[in-house]
file entry_23.cif (mmCIF, C-alpha atoms (C1' of nucleotides))
data_my_file
#
loop_
_atom_site.group_PDB
_atom_site.id
_atom_site.type_symbol
_atom_site.label_atom_id
_atom_site.label_comp_id
_atom_site.auth_asym_id
_atom_site.auth_seq_id
_atom_site.Cartn_x
_atom_site.Cartn_y
_atom_site.Cartn_z
ATOM 1 C CA MET A 35 160.187 208.881 82.804
ATOM 2 C CA SER A 36 157.313 210.408 84.681
ATOM 3 C CA LYS A 37 154.722 212.305 82.657
ATOM 4 C CA SER A 38 154.083 209.253 80.548
ATOM 5 C CA ALA A 39 154.047 206.908 83.495
ATOM 6 C CA THR A 40 151.391 209.031 85.141
ATOM 7 C CA LYS A 41 149.240 209.048 82.037
ATOM 8 C CA VAL A 42 149.503 205.313 81.559
ATOM 9 C CA LEU A 43 148.684 204.632 85.188
ATOM 10 C CA GLN A 44 145.634 206.875 84.929
ATOM 11 C CA ALA A 45 144.498 205.002 81.854
ATOM 12 C CA LEU A 46 144.920 201.716 83.688
ATOM 13 C CA GLU A 47 142.811 203.023 86.553
ATOM 14 C CA ARG A 48 140.151 204.221 84.161
ATOM 15 C CA VAL A 49 139.775 200.837 82.466
ATOM 16 C CA GLY A 50 139.839 199.126 85.852
ATOM 17 C CA GLY A 51 141.152 195.744 84.788
ATOM 18 C CA PHE A 52 143.237 194.237 82.045
ATOM 19 C CA ALA A 53 144.038 196.240 78.949
ATOM 20 C CA SER A 54 146.440 195.859 76.068
ATOM 21 C CA ALA A 55 148.997 198.485 75.160
ATOM 22 C CA GLN A 56 147.008 199.417 72.097
ATOM 23 C CA GLU A 57 143.804 199.790 74.090
ATOM 24 C CA LEU A 58 145.539 202.036 76.584
ATOM 25 C CA HIS A 59 146.911 204.113 73.754
ATOM 26 C CA LEU A 60 143.396 204.528 72.373
ATOM 27 C CA VAL A 61 141.990 205.442 75.768
ATOM 28 C CA LEU A 62 144.612 208.146 76.139
ATOM 29 C CA LYS A 63 144.017 209.458 72.649
ATOM 30 C CA ARG A 64 140.302 209.668 73.270
ATOM 31 C CA ASN A 65 141.075 211.726 76.366
ATOM 32 C CA GLN A 66 143.017 214.266 74.359
ATOM 33 C CA GLU A 67 146.262 213.033 75.863
ATOM 34 C CA SER A 68 149.106 213.299 73.418
ATOM 35 C CA ILE A 69 151.263 210.227 73.765
ATOM 36 C CA GLY A 70 152.955 207.964 71.272
ATOM 37 C CA LEU A 71 152.322 204.260 71.012
ATOM 38 C CA THR A 72 156.040 203.621 71.383
ATOM 39 C CA THR A 73 156.041 205.498 74.659
ATOM 40 C CA VAL A 74 153.076 203.519 75.918
ATOM 41 C CA TYR A 75 154.963 200.285 75.281
ATOM 42 C CA ARG A 76 158.148 201.599 76.849
ATOM 43 C CA THR A 77 156.331 202.936 79.879
ATOM 44 C CA LEU A 78 154.466 199.679 80.419
ATOM 45 C CA GLN A 79 157.742 197.776 80.337
ATOM 46 C CA ASN A 80 159.156 200.079 82.977
ATOM 47 C CA LEU A 81 156.084 199.710 85.147
ATOM 48 C CA VAL A 82 156.313 195.933 84.842
ATOM 49 C CA ASN A 83 159.967 196.043 85.850
ATOM 50 C CA ASP A 84 159.024 198.194 88.831
ATOM 51 C CA LYS A 85 156.358 195.608 89.655
ATOM 52 C CA SER A 86 153.711 198.332 89.555
ATOM 53 C CA VAL A 87 151.926 196.521 86.772
ATOM 54 C CA ASP A 88 151.217 192.860 86.006
ATOM 55 C CA ILE A 89 151.619 191.492 82.509
ATOM 56 C CA LEU A 90 149.712 188.507 81.153
ATOM 57 C CA ARG A 91 149.118 186.992 77.750
ATOM 58 C CA LYS A 92 145.801 186.487 76.083
ATOM 59 C CA ASP A 93 145.178 183.276 74.198
ATOM 60 C CA ASP A 94 146.160 184.960 70.967
ATOM 61 C CA GLY A 95 149.487 186.041 72.418
ATOM 62 C CA GLU A 96 148.690 189.701 72.876
ATOM 63 C CA ALA A 97 150.048 191.184 76.107
ATOM 64 C CA ILE A 98 147.587 192.618 78.602
ATOM 65 C CA TYR A 99 148.429 194.700 81.653
ATOM 66 C CA ARG A 100 146.770 195.640 84.905
ATOM 67 C CA LEU A 101 147.625 197.512 88.039
ATOM 68 C CA CYS A 102 149.238 195.314 90.660
ATOM 69 C CA GLY A 103 147.178 194.779 93.740
ATOM 70 C CA ASP A 104 143.898 195.226 91.961
ATOM 71 C CA SER A 105 141.537 192.801 93.557
ATOM 72 C CA HIS A 106 140.874 190.678 90.616
ATOM 73 C CA HIS A 107 137.956 188.635 89.535
ATOM 74 C CA HIS A 108 137.189 186.062 86.897
ATOM 75 C CA HIS A 109 134.657 185.832 84.143
ATOM 76 C CA LEU A 110 131.840 183.479 83.356
ATOM 77 C CA VAL A 111 131.238 183.853 79.652
ATOM 78 C CA CYS A 112 128.437 182.509 77.481
ATOM 79 C CA LYS A 113 129.898 180.696 74.497
ATOM 80 C CA ASN A 114 126.825 181.573 72.489
ATOM 81 C CA CYS A 115 125.914 185.220 73.103
ATOM 82 C CA GLY A 116 128.990 186.497 74.929
ATOM 83 C CA LYS A 117 127.096 187.509 78.057
ATOM 84 C CA THR A 118 129.595 187.879 80.883
ATOM 85 C CA VAL A 119 129.269 187.621 84.643
ATOM 86 C CA GLU A 120 131.996 188.616 87.062
ATOM 87 C CA ILE A 121 132.876 185.936 89.580
ATOM 88 C CA GLU A 122 134.772 186.135 92.826
ATOM 89 C CA GLY A 123 137.574 183.624 92.924
ATOM 90 C CA GLY A 124 138.453 183.033 96.523
ATOM 91 C CA ALA A 125 138.642 179.290 96.086
ATOM 92 C CA ILE A 126 140.857 179.524 93.092
ATOM 93 C CA GLU A 127 143.266 181.967 94.699
ATOM 94 C CA LYS A 128 143.894 179.501 97.482
ATOM 95 C CA TRP A 129 144.221 176.624 95.066
ATOM 96 C CA ALA A 130 146.778 178.495 92.960
ATOM 97 C CA GLN A 131 148.790 179.588 95.980
ATOM 98 C CA LYS A 132 148.767 176.113 97.482
ATOM 99 C CA SER A 133 149.767 174.436 94.241
ATOM 100 C CA GLY A 134 152.606 176.886 93.779
ATOM 101 C CA ASP A 135 153.861 176.529 97.321
ATOM 102 C CA GLU A 136 153.863 172.748 97.161
ATOM 103 C CA ASN A 137 156.099 172.879 94.124
ATOM 104 C CA GLY A 138 158.501 175.520 95.346
ATOM 105 C CA PHE A 139 157.259 178.311 93.095
ATOM 106 C CA ARG A 140 157.143 181.921 94.202
ATOM 107 C CA GLU A 141 155.472 185.095 92.861
ATOM 108 C CA ILE A 142 152.461 183.012 92.032
ATOM 109 C CA GLY A 143 149.705 184.280 89.793
ATOM 110 C CA HIS A 144 147.020 182.637 87.752
ATOM 111 C CA THR A 145 144.482 182.999 85.011
ATOM 112 C CA ALA A 146 141.082 181.366 84.873
ATOM 113 C CA GLU A 147 137.968 181.620 82.786
ATOM 114 C CA ILE A 148 134.709 179.741 83.006
ATOM 115 C CA PHE A 149 132.522 179.363 79.979
ATOM 116 C CA GLY A 150 129.202 177.723 79.215
ATOM 117 C CA ILE A 151 125.752 178.438 77.818
ATOM 118 C CA CYS A 152 123.668 181.026 79.647
ATOM 119 C CA SER A 153 120.013 180.641 80.547
ATOM 120 C CA ASP A 154 118.867 182.918 77.702
ATOM 121 C CA CYS A 155 120.499 180.803 75.001
ATOM 122 C CA MET B 77 144.327 165.683 57.547
ATOM 123 C CA SER B 78 146.432 162.714 58.472
ATOM 124 C CA LYS B 79 149.897 162.514 56.949
ATOM 125 C CA SER B 80 150.809 165.876 58.373
ATOM 126 C CA ALA B 81 149.241 165.174 61.722
ATOM 127 C CA THR B 82 151.319 162.025 62.008
ATOM 128 C CA LYS B 83 154.506 163.872 61.176
ATOM 129 C CA VAL B 84 153.822 166.656 63.633
ATOM 130 C CA LEU B 85 152.964 164.198 66.394
ATOM 131 C CA GLN B 86 156.188 162.304 65.720
ATOM 132 C CA ALA B 87 158.147 165.533 65.942
ATOM 133 C CA LEU B 88 156.454 166.344 69.230
ATOM 134 C CA GLU B 89 157.388 162.922 70.564
ATOM 135 C CA ARG B 90 160.954 163.358 69.433
ATOM 136 C CA VAL B 91 161.420 166.666 71.239
ATOM 137 C CA GLY B 92 159.637 165.237 74.277
ATOM 138 C CA GLY B 93 158.381 168.497 75.730
ATOM 139 C CA PHE B 94 157.382 171.950 74.624
ATOM 140 C CA ALA B 95 158.275 173.161 71.160
ATOM 141 C CA SER B 96 157.223 176.076 69.021
ATOM 142 C CA ALA B 97 155.719 175.619 65.586
ATOM 143 C CA GLN B 98 158.888 176.899 63.993
ATOM 144 C CA GLU B 99 161.039 174.489 66.004
ATOM 145 C CA LEU B 100 158.860 171.581 64.978
ATOM 146 C CA HIS B 101 159.134 172.666 61.378
ATOM 147 C CA LEU B 102 162.930 172.682 61.681
ATOM 148 C CA VAL B 103 162.955 169.264 63.345
ATOM 149 C CA LEU B 104 160.918 167.849 60.488
ATOM 150 C CA LYS B 105 163.086 169.498 57.878
ATOM 151 C CA ARG B 106 166.219 168.063 59.489
ATOM 152 C CA ASN B 107 164.607 164.645 59.278
ATOM 153 C CA GLN B 108 164.101 164.940 55.548
ATOM 154 C CA GLU B 109 160.386 165.305 56.026
ATOM 155 C CA SER B 110 158.865 167.574 53.446
ATOM 156 C CA ILE B 111 156.241 169.718 55.123
ATOM 157 C CA GLY B 112 155.351 173.384 54.860
ATOM 158 C CA LEU B 113 155.385 175.784 57.766
ATOM 159 C CA THR B 114 151.789 176.720 57.057
ATOM 160 C CA THR B 115 150.775 173.093 57.346
ATOM 161 C CA VAL B 116 152.610 172.748 60.639
ATOM 162 C CA TYR B 117 150.629 175.668 62.052
ATOM 163 C CA ARG B 118 147.348 174.360 60.688
ATOM 164 C CA THR B 119 147.986 170.854 61.947
ATOM 165 C CA LEU B 120 148.879 172.099 65.400
ATOM 166 C CA GLN B 121 145.652 174.059 65.550
ATOM 167 C CA ASN B 122 143.691 170.969 64.634
ATOM 168 C CA LEU B 123 145.497 168.917 67.245
ATOM 169 C CA VAL B 124 144.784 171.575 69.862
ATOM 170 C CA ASN B 125 141.106 171.549 68.921
ATOM 171 C CA ASP B 126 141.113 167.773 69.233
ATOM 172 C CA LYS B 127 142.736 168.204 72.639
ATOM 173 C CA SER B 128 145.609 165.996 71.536
ATOM 174 C CA VAL B 129 148.057 168.833 72.078
ATOM 175 C CA ASP B 130 148.402 171.546 74.704
ATOM 176 C CA ILE B 131 149.201 175.104 73.754
ATOM 177 C CA LEU B 132 150.879 177.601 76.044
ATOM 178 C CA ARG B 133 152.506 180.991 75.602
ATOM 179 C CA LYS B 134 156.069 181.907 76.408
ATOM 180 C CA ASP B 135 156.731 185.251 78.066
ATOM 181 C CA ASP B 136 157.448 186.798 74.694
ATOM 182 C CA GLY B 137 154.082 185.634 73.378
ATOM 183 C CA GLU B 138 155.343 182.829 71.170
ATOM 184 C CA ALA B 139 153.109 179.764 71.219
ATOM 185 C CA ILE B 140 154.572 176.480 72.380
ATOM 186 C CA TYR B 141 152.964 173.060 72.057
ATOM 187 C CA ARG B 142 153.327 169.644 73.552
ATOM 188 C CA LEU B 143 151.571 166.322 73.627
ATOM 189 C CA CYS B 144 148.683 166.265 76.047
ATOM 190 C CA GLY B 145 148.383 163.678 78.735
ATOM 191 C CA ASP B 146 145.016 161.966 78.861
ATOM 192 C CA SER B 147 143.716 163.169 82.209
ATOM 193 C CA HIS B 148 142.346 166.665 82.581
ATOM 194 C CA HIS B 149 144.913 168.713 84.408
ATOM 195 C CA HIS B 150 146.287 172.228 84.724
ATOM 196 C CA HIS B 151 149.758 173.631 84.492
ATOM 197 C CA LEU B 152 152.069 175.388 86.868
ATOM 198 C CA VAL B 153 154.548 177.170 84.628
ATOM 199 C CA CYS B 154 157.744 179.014 85.466
ATOM 200 C CA LYS B 155 157.605 182.465 83.890
ATOM 201 C CA ASN B 156 161.360 182.453 83.651
ATOM 202 C CA CYS B 157 162.531 179.072 82.354
ATOM 203 C CA GLY B 158 159.272 177.481 81.225
ATOM 204 C CA LYS B 159 159.554 174.524 83.582
ATOM 205 C CA THR B 160 156.116 172.977 83.898
ATOM 206 C CA VAL B 161 154.409 170.904 86.570
ATOM 207 C CA GLU B 162 151.099 169.203 86.022
ATOM 208 C CA ILE B 163 148.532 169.975 88.704
ATOM 209 C CA GLU B 164 145.360 168.202 89.640
ATOM 210 C CA GLY B 165 142.456 170.586 89.647
ATOM 211 C CA GLY B 166 139.759 169.093 91.828
ATOM 212 C CA ALA B 167 139.094 172.353 93.624
ATOM 213 C CA ILE B 168 138.827 174.353 90.457
ATOM 214 C CA GLU B 169 136.458 171.911 88.801
ATOM 215 C CA LYS B 170 134.033 172.309 91.665
ATOM 216 C CA TRP B 171 134.446 176.072 91.720
ATOM 217 C CA ALA B 172 133.734 176.336 87.996
ATOM 218 C CA GLN B 173 130.701 174.083 88.211
ATOM 219 C CA LYS B 174 129.318 175.895 91.231
ATOM 220 C CA SER B 175 129.819 179.337 89.715
ATOM 221 C CA GLY B 176 128.132 178.250 86.535
ATOM 222 C CA ASP B 177 125.200 176.650 88.329
ATOM 223 C CA GLU B 178 124.611 179.714 90.479
ATOM 224 C CA ASN B 179 124.298 181.857 87.381
ATOM 225 C CA GLY B 180 122.135 179.512 85.365
ATOM 226 C CA PHE B 181 124.820 178.431 82.928
ATOM 227 C CA ARG B 182 125.019 174.922 81.523
ATOM 228 C CA GLU B 183 127.662 172.952 79.609
ATOM 229 C CA ILE B 184 130.263 174.486 81.846
ATOM 230 C CA GLY B 185 133.942 174.312 81.032
ATOM 231 C CA HIS B 186 136.948 176.266 82.148
ATOM 232 C CA THR B 187 140.551 177.167 81.543
ATOM 233 C CA ALA B 188 143.143 177.850 84.204
ATOM 234 C CA GLU B 189 146.869 178.335 84.420
ATOM 235 C CA ILE B 190 149.104 179.012 87.366
ATOM 236 C CA PHE B 191 152.421 180.734 86.841
ATOM 237 C CA GLY B 192 155.289 181.860 89.000
ATOM 238 C CA ILE B 193 159.040 181.549 89.412
ATOM 239 C CA CYS B 194 160.381 178.069 90.078
ATOM 240 C CA SER B 195 162.957 177.182 92.713
ATOM 241 C CA ASP B 196 165.767 176.900 90.156
ATOM 242 C CA CYS B 197 165.317 180.438 88.868
ATOM 243 C "C1'" DA C 101 141.016 151.693 36.217
ATOM 244 C "C1'" DT C 102 138.689 156.400 35.617
ATOM 245 C "C1'" DT C 103 136.526 160.283 37.093
ATOM 246 C "C1'" DG C 104 135.311 164.059 39.844
ATOM 247 C "C1'" DA C 105 134.340 166.338 44.078
ATOM 248 C "C1'" DA C 106 136.165 167.443 48.454
ATOM 249 C "C1'" DA C 107 139.981 167.839 51.509
ATOM 250 C "C1'" DA C 108 144.838 168.775 52.225
ATOM 251 C "C1'" DT C 109 148.977 171.090 51.071
ATOM 252 C "C1'" DG C 110 152.422 174.812 50.750
ATOM 253 C "C1'" DA C 111 154.660 178.944 48.667
ATOM 254 C "C1'" DC C 112 153.768 183.517 49.119
ATOM 255 C "C1'" DA C 113 151.737 187.604 50.759
ATOM 256 C "C1'" DA C 114 149.258 189.963 54.314
ATOM 257 C "C1'" DC C 115 148.663 190.986 59.222
ATOM 258 C "C1'" DC C 116 149.555 192.962 63.473
ATOM 259 C "C1'" DA C 117 151.620 193.422 68.023
ATOM 260 C "C1'" DT C 118 155.920 194.737 69.386
ATOM 261 C "C1'" DT C 119 160.658 196.557 68.923
ATOM 262 C "C1'" DT C 120 164.287 199.251 66.916
ATOM 263 C "C1'" DC C 121 166.062 203.429 65.016
ATOM 264 C "C1'" DC C 122 166.956 208.021 65.161
ATOM 265 C "C1'" DA C 123 166.048 212.816 65.043
ATOM 266 C "C1'" DT C 124 163.844 216.058 68.027
ATOM 267 C "C1'" DT C 125 162.252 217.736 72.434
ATOM 268 C "C1'" DT C 126 162.304 217.959 77.366
ATOM 269 C "C1'" DT C 127 164.421 217.527 81.745
ATOM 270 C "C1'" DT C 128 168.243 217.780 84.923
ATOM 271 C "C1'" DG C 129 172.490 219.096 87.290
ATOM 272 C "C1'" DC C 130 175.555 222.723 87.702
ATOM 273 C "C1'" DG D 280 171.581 229.677 80.956
ATOM 274 C "C1'" DC D 281 173.761 225.581 79.109
ATOM 275 C "C1'" DA D 282 175.404 221.408 77.962
ATOM 276 C "C1'" DA D 283 174.706 216.475 78.944
ATOM 277 C "C1'" DA D 284 171.428 212.980 79.670
ATOM 278 C "C1'" DA D 285 166.967 211.193 79.451
ATOM 279 C "C1'" DA D 286 162.527 210.941 77.294
ATOM 280 C "C1'" DT D 287 159.611 211.100 73.342
ATOM 281 C "C1'" DG D 288 157.304 209.583 69.101
ATOM 282 C "C1'" DG D 289 156.919 208.827 64.081
ATOM 283 C "C1'" DA D 290 158.574 205.741 60.789
ATOM 284 C "C1'" DA D 291 160.581 201.590 59.531
ATOM 285 C "C1'" DA D 292 161.880 196.898 60.730
ATOM 286 C "C1'" DT D 293 160.935 192.474 62.977
ATOM 287 C "C1'" DG D 294 158.878 188.116 63.527
ATOM 288 C "C1'" DG D 295 155.335 184.911 64.735
ATOM 289 C "C1'" DT D 296 151.069 183.750 62.874
ATOM 290 C "C1'" DT D 297 147.244 183.654 59.586
ATOM 291 C "C1'" DG D 298 144.965 184.230 54.955
ATOM 292 C "C1'" DT D 299 144.973 183.309 49.999
ATOM 293 C "C1'" DC D 300 144.694 180.445 46.319
ATOM 294 C "C1'" DA D 301 146.450 177.466 42.830
ATOM 295 C "C1'" DT D 302 147.962 172.814 42.846
ATOM 296 C "C1'" DT D 303 148.063 168.095 44.562
ATOM 297 C "C1'" DT D 304 146.233 164.199 46.962
ATOM 298 C "C1'" DT D 305 142.548 161.304 48.729
ATOM 299 C "C1'" DC D 306 138.806 158.454 48.052
ATOM 300 C "C1'" DA D 307 134.238 157.011 47.035
ATOM 301 C "C1'" DA D 308 131.305 156.114 43.120
ATOM 302 C "C1'" DT D 309 131.103 154.356 38.636
#
call {"tool": "encode", "arguments": {"input": "entry_23.cif", "output": "structure tokens"}}
result
Amino acid sequence: MSKSATKVLQALERVGGFASAQELHLVLKRNQESIGLTTVYRTLQNLVNDKSVDILRKDDGEAIYRLCGDSHHHHLVCKNCGKTVEIEGGAIEKWAQKSGDENGFREIGHTAEIFGICSDC
Amino acid sequence: MSKSATKVLQALERVGGFASAQELHLVLKRNQESIGLTTVYRTLQNLVNDKSVDILRKDDGEAIYRLCGDSHHHHLVCKNCGKTVEIEGGAIEKWAQKSGDENGFREIGHTAEIFGICSDC
DNA sequence: ATTGAAAATGACAACCATTTCCATTTTTGC
DNA sequence: GCAAAAATGGAAATGGTTGTCATTTTCAAT
């Protein structure tokens, strides 16, 4: 399990954030990389087990992955036109960590989105 | 949309925590309630839109639902066993509002979840 | 009470991300 | 070089969820 892992990790770097297995498969296909969808799924599972990759769930239940240790950000999304702004989340990181600690949780992560109506709408 | 909503809410009360749509359908069937699985799904969606019910995702992507408390809160969820703690989100409210203001957004809302591994797991 | 339009219902089929199966290919240890 | 083990990927299966649509129920107007 190595060629595939390398390819998948490269794809994750290229997208630079969260991506679903299917998206990663497409990215690799577009880059002339020959890799099966099954292998992408299997490789992602291995990487998650190795804790090289984080797995999350979108609202619709689809799994999305990202490289561990990526400094991550949040999104401010316009409900009307979809315009998106990237937001730093220092405050929220601390809040999540503190809340987890106080309740005896470990390996704490979080998701957060802000939405509203942008000035153009 | 009322008979079904009542039944689904009763089922949610009976289980007293998180339950999947399929589980709720079974509960209702066991109680001689005649209701279709499709209607259970549709009713749950309506209840989620009304903010009467919370929806979360298990690790395997299956949706689970439960009655929503009245106050706005967030969840600290164990990735392993699903144990859930309700968290006050004062810090995050301010962060969301501030981020939105700074970027000219109005009608600002947000979603946030914290997850980790609880002390029992 | 009767009617008729609009909403709700549910059996069934479609959908789609994910997993399983299995035959083939590649890698590895000797 | 060679056999055993691991990896690969196409096809089929799985399973939760959603879409379809004909039928039933609700309910206000008559």
call {"tool": "resolve_selection", "arguments": {"input": "entry_23.cif", "expression": "the PyMOL selection byres ((chain B) within 10 of (chain A))", "output": "ChimeraX atom specification"}}
result
/B:131-139,151-155,161-173,175-177,179-197
call {"tool": "resolve_selection", "arguments": {"input": "entry_23.cif", "expression": "the PyMOL selection byres ((chain D) within 9 of (chain A))", "output": "MDAnalysis selection string"}}
result
chainID D and resid 285:289
call {"tool": "calpha_fit_rmsd", "arguments": {"input": "entry_23.cif", "fixed": "chain B", "moving": "chain A"}}
result
4.3 Å
call {"tool": "interface_residues", "arguments": {"input": "entry_23.cif", "of": "chain C", "to": "chain A", "cutoff": "12 Å", "atoms": "only C-alpha atoms (C1' of nucleotides)", "output": "list in words"}}
result
DC116, DA117, DT118, DT119, DT120, DC121, DT126 and DT127 of chain C
call {"tool": "atom_distance", "arguments": {"input": "entry_23.cif", "atom1": "atom CA of Leu62 of chain A", "atom2": "atom CA of Leu46 of chain A"}}
result
9.9 Å
call {"tool": "atom_distance", "arguments": {"input": "entry_23.cif", "atom1": "atom CA of Ile98 of chain A", "atom2": "atom CA of Phe52 of chain A"}}
result
5.8 Å
call {"tool": "decode", "arguments": {"input": "entry_23.cif", "residues": "segment 96-146 of chain A", "atoms": "C-alpha atoms", "output": "tab-separated table (two decimals), in the first residue's frame"}}
result
chain	number	residue	atom	x	y	z
A	96	GLU	CA	-21.06	12.21	2.48
A	97	ALA	CA	-17.58	11.67	3.93
A	98	ILE	CA	-14.96	14.35	3.35
A	99	TYR	CA	-11.25	14.05	4.07
A	100	ARG	CA	-8.35	16.39	4.61
A	101	LEU	CA	-4.72	16.18	5.53
A	102	CYS	CA	-4.15	16.20	9.27
A	103	GLY	CA	-2.39	19.25	10.56
A	104	ASP	CA	-3.64	21.48	7.81
A	105	SER	CA	-4.27	24.81	9.40
A	106	HIS	CA	-7.92	24.99	8.86
A	107	HIS	CA	-10.30	27.80	8.38
A	108	HIS	CA	-14.03	28.30	8.28
A	109	HIS	CA	-16.40	29.71	5.74
A	110	LEU	CA	-18.77	32.62	5.70
A	111	VAL	CA	-21.29	31.81	3.02
A	112	CYS	CA	-24.00	33.97	1.47
A	113	LYS	CA	-27.31	32.13	1.60
A	114	ASN	CA	-28.42	33.98	-1.50
A	115	CYS	CA	-25.59	34.02	-4.04
A	116	GLY	CA	-23.16	31.52	-2.53
A	117	LYS	CA	-20.31	34.01	-2.21
A	118	THR	CA	-17.80	32.62	0.26
A	119	VAL	CA	-15.23	34.25	2.50
A	120	GLU	CA	-12.57	32.34	4.40
A	121	ILE	CA	-12.46	33.13	8.10
A	122	GLU	CA	-9.79	32.46	10.67
A	123	GLY	CA	-11.20	30.65	13.66
A	124	GLY	CA	-8.89	31.24	16.55
A	125	ALA	CA	-11.71	31.94	18.95
A	126	ILE	CA	-13.59	28.86	17.98
A	127	GLU	CA	-10.59	26.57	18.27
A	128	LYS	CA	-10.15	27.62	21.87
A	129	TRP	CA	-13.84	27.29	22.57
A	130	ALA	CA	-13.95	23.76	21.14
A	131	GLN	CA	-10.84	22.68	23.02
A	132	LYS	CA	-12.07	24.15	26.28
A	133	SER	CA	-15.51	22.61	25.97
A	134	GLY	CA	-13.99	19.23	25.22
A	135	ASP	CA	-11.53	19.39	28.08
A	136	GLU	CA	-14.19	20.36	30.59
A	137	ASN	CA	-16.18	17.28	29.67
A	138	GLY	CA	-13.32	14.82	29.60
A	139	PHE	CA	-13.20	14.42	25.83
A	140	ARG	CA	-9.96	13.91	23.94
A	141	GLU	CA	-8.94	14.11	20.26
A	142	ILE	CA	-11.17	17.10	19.92
A	143	GLY	CA	-12.17	18.49	16.55
A	144	HIS	CA	-14.98	20.66	15.34
A	145	THR	CA	-16.94	21.92	12.40
A	146	ALA	CA	-18.39	25.38	11.99
